[in-house]
2 protein chains.
Amino acid sequence: MNQIDAMDRLINEFSRLPGVGNKTAQRYAYFLLTQSEQEVKDFASAMVDAKEQIHYCKICGNFTDKDICSTCAKPNKQPIICVVKEPKDVSALEKVRDFGGSYHVLHGVINPLENKGPNDINIRSLLNRINNEQIKEVIVATNPDVEGEATALYIANLLKPLGVKVSRLAQGIAMGSELEYTDALTLSKALSSRTEM
Amino acid sequence: MNQIDAMDRLINEFSRLPGVGNKTAQRYAYFLLTQSEQEVKDFASAMVDAKEQIHYCKICGNFTDKDICSTCAKPNKQPIICVVKEPKDVSALEKVRDFGGSYHVLHGVINPLENKGPNDINIRSLLNRINNEQIKEVIVATNPDVEGEATALYIANLLKPLGVKVSRLAQGIAMGSELEYTDALTLSKALSSRTEM
């Protein structure tokens, strides 16, 4: 093999990215070498800058480059908090644009198999927010899988005694999907949660 | 949208990698933010170091961090040159380990649709090497597609008058593949190039 240390190091770094194997890492590395030195330096500094400037919002736990993220800093928010598992879920929900409340990022879900209990995720600060921000409703938007459901249930049990309304994203068939290809579990959920026309 | 400039910049840089769309770039960026500051700095410096240290070998055009790559610097090489399209093709061939000659990287193939002629790829220096290194055979290992075949033909016509043997990698059915799933073109090639047992 052509032993070039700098190349091996770069391929190794790329292969640590999620879902990237050795072949893809090699492809990325070779691509990078075809770029100009300035372009590579820009890429490298974008990484370091992002890591240095971005941290968690003190209130909601989402990524921000300020003390408090732009959503939390917004005035006249609706007293609704949408609870999500990860920062990228916030990006997904923000695309909808018709939610006027704020978010709360758990940074994980309760998962006994991975030894992750309620204290290992960002739930405690959610309780403080309920009082501080006079929240009326909490929408639990964790994923509709076993861990997501369990976490939603835990949060609901925790918040209901505080007199706050707790809701969950509707589950059913996706828009534009076909019944034929919808799995049985989803169909069953869609049937039992059917809405009157 | 949560406008974080540093984040947008990072996602934008990642999405320039080959085959990476916005979704994947976002995934990479979020992953990077979960890493420690030191890890991110290591990644960034691996990029810059690779770009600064690695350049083309003066002889064969492959990547190297010295003047002349390790393959070209090896003594007692067989007088055979294997011509490939890109540096990553050298990595692929080096894995075979039973080739004792050297390589020549074209950095592209002849492609009229992209306005790439023989002068736009690294062919001229190949001619010099034939004399300087007393080469007996040139194996043209460009890909078996239209542009690869055209480039192979061009090189063959160029080198044959110099009295050097020009060969091409065998084409046929791949080891471990199944006839049922082999495309007609490959099967036809495998039939016409059948070998006696």
# chains A, B, ... in the order shown; residues from 1 in each chain; ligands from 1

call {"tool": "interface_residues", "arguments": {"of": "chain B", "to": "chain A", "cutoff": "9 Å", "atoms": "only C-alpha atoms", "output": "VMD selection string"}}
result
chain B and resid 1 to 7 9 to 11 13 to 14 17 to 18 26 to 37 40 to 55 63 to 65 69 to 71 87 to 88 90 to 91 94 to 95 97

call {"tool": "select_by_dssp", "arguments": {"residues": "chain B", "states": "strand (DSSP E or B)", "output": "ChimeraX atom specification"}}
result
/B:55-56,63-64,80-84,102-105,111,116,137-140,165-168

call {"tool": "atom_distance", "arguments": {"atom1": "atom CA of Lys85 of chain B", "atom2": "atom CA of His104 of chain B"}}
result
8.5 Å

call {"tool": "atom_distance", "arguments": {"atom1": "atom CA of Leu185 of chain A", "atom2": "atom CA of Val138 of chain A"}}
result
25.5 Å

call {"tool": "residues_around", "arguments": {"residues": "segment 165-168 of chain B", "least_positions_apart": "3", "cutoff": "7 Å", "atoms": "only C-alpha atoms", "output": "mmCIF file with C-alpha atoms, in the first residue's frame"}}
result
data_model
loop_
_atom_site.group_PDB
_atom_site.id
_atom_site.type_symbol
_atom_site.label_atom_id
_atom_site.label_comp_id
_atom_site.auth_asym_id
_atom_site.auth_seq_id
_atom_site.Cartn_x
_atom_site.Cartn_y
_atom_site.Cartn_z
ATOM 1 C CA LYS B 136 8.166 -3.182 -21.910
ATOM 2 C CA GLU B 137 4.431 -3.211 -21.316
ATOM 3 C CA VAL B 138 1.657 -0.752 -20.570
ATOM 4 C CA ILE B 139 -1.559 -2.104 -19.052
ATOM 5 C CA VAL B 140 -4.405 0.336 -19.653
ATOM 6 C CA ALA B 141 -6.704 -0.060 -16.648
ATOM 7 C CA ALA B 156 -2.698 2.034 -27.538
ATOM 8 C CA LYS B 160 2.364 0.794 -30.281
#

call {"tool": "closest_residue", "arguments": {"among": "A:Glu147, A:Glu196, A:Cys72, A:Lys189", "to": "Pro118 of chain A", "atoms": "only C-alpha atoms"}}
result
A:Glu147

call {"tool": "residues_around", "arguments": {"residues": "Tyr103 of chain A", "least_positions_apart": "4", "cutoff": "6 Å", "atoms": "only C-alpha atoms", "output": "list in words"}}
result
Ile81, Cys82 and Val83 of chain A

call {"tool": "write_last_selection", "arguments": {"atoms": "all heavy atoms", "output": "compact mmCIF listing (two decimals), in the first residue's frame"}}
result
# COMPACT_ATOMS: atom_id res chain seq x y z
N ILE A 81 -45.04 24.47 24.68
CA ILE A 81 -43.68 23.94 24.47
C ILE A 81 -43.79 22.64 23.70
O ILE A 81 -44.60 21.78 24.03
CB ILE A 81 -42.96 23.67 25.80
CG1 ILE A 81 -42.66 24.99 26.52
CG2 ILE A 81 -41.67 22.89 25.58
CD1 ILE A 81 -41.94 24.79 27.84
N CYS A 82 -42.99 22.52 22.65
CA CYS A 82 -42.94 21.27 21.90
C CYS A 82 -41.67 20.54 22.30
O CYS A 82 -40.56 21.04 22.10
CB CYS A 82 -42.95 21.58 20.41
SG CYS A 82 -42.97 20.13 19.39
N VAL A 83 -41.83 19.36 22.89
CA VAL A 83 -40.68 18.61 23.40
C VAL A 83 -40.18 17.64 22.33
O VAL A 83 -40.96 16.83 21.81
CB VAL A 83 -41.07 17.82 24.67
CG1 VAL A 83 -39.91 16.97 25.14
CG2 VAL A 83 -41.53 18.77 25.76

call {"tool": "select_by_dssp", "arguments": {"residues": "segment 12-177 of chain A", "states": "alpha helix (DSSP H)", "output": "PyMOL selection string"}}
result
chain A and resi 12-14+22-33+37-53+70-73+87-94+124-132+146-159

call {"tool": "atom_distance", "arguments": {"atom1": "atom CA of Thr182 of chain B", "atom2": "atom CA of Val109 of chain B"}}
result
25.8 Å

call {"tool": "residues_around", "arguments": {"residues": "Asn143 of chain B", "least_positions_apart": "4", "cutoff": "10 Å", "atoms": "only C-alpha atoms", "output": "list in words"}}
result
Val84, Lys85, Asp89, Val109, Glu147, Gly148, Glu149, Thr151, Ala152 and Leu169 of chain B

call {"tool": "residues_around", "arguments": {"residues": "Leu162 of chain B", "least_positions_apart": "5", "cutoff": "10 Å", "atoms": "only C-alpha atoms", "output": "short mmCIF file (atom, residue, chain, number, x, y, z; two decimals) with N, CA and C atoms, in the first residue's frame"}}
result
data_model
loop_
_atom_site.label_atom_id
_atom_site.label_comp_id
_atom_site.auth_asym_id
_atom_site.auth_seq_id
_atom_site.Cartn_x
_atom_site.Cartn_y
_atom_site.Cartn_z
N LEU B 127 4.57 9.15 -22.12
CA LEU B 127 5.47 8.93 -23.27
C LEU B 127 6.93 9.03 -22.83
N ILE B 130 8.17 5.90 -20.99
CA ILE B 130 8.42 4.70 -21.80
C ILE B 130 9.92 4.60 -22.10
N ASN B 131 10.52 5.71 -22.51
CA ASN B 131 11.96 5.71 -22.81
C ASN B 131 12.81 5.69 -21.55
N ASN B 157 -2.89 3.32 -29.60
CA ASN B 157 -2.42 3.82 -30.89
C ASN B 157 -1.16 4.66 -30.76
#

call {"tool": "residues_around", "arguments": {"residues": "Gly172 of chain B", "least_positions_apart": "4", "cutoff": "9 Å", "atoms": "only C-alpha atoms", "output": "ChimeraX atom specification"}}
result
/B:186-191,193-194
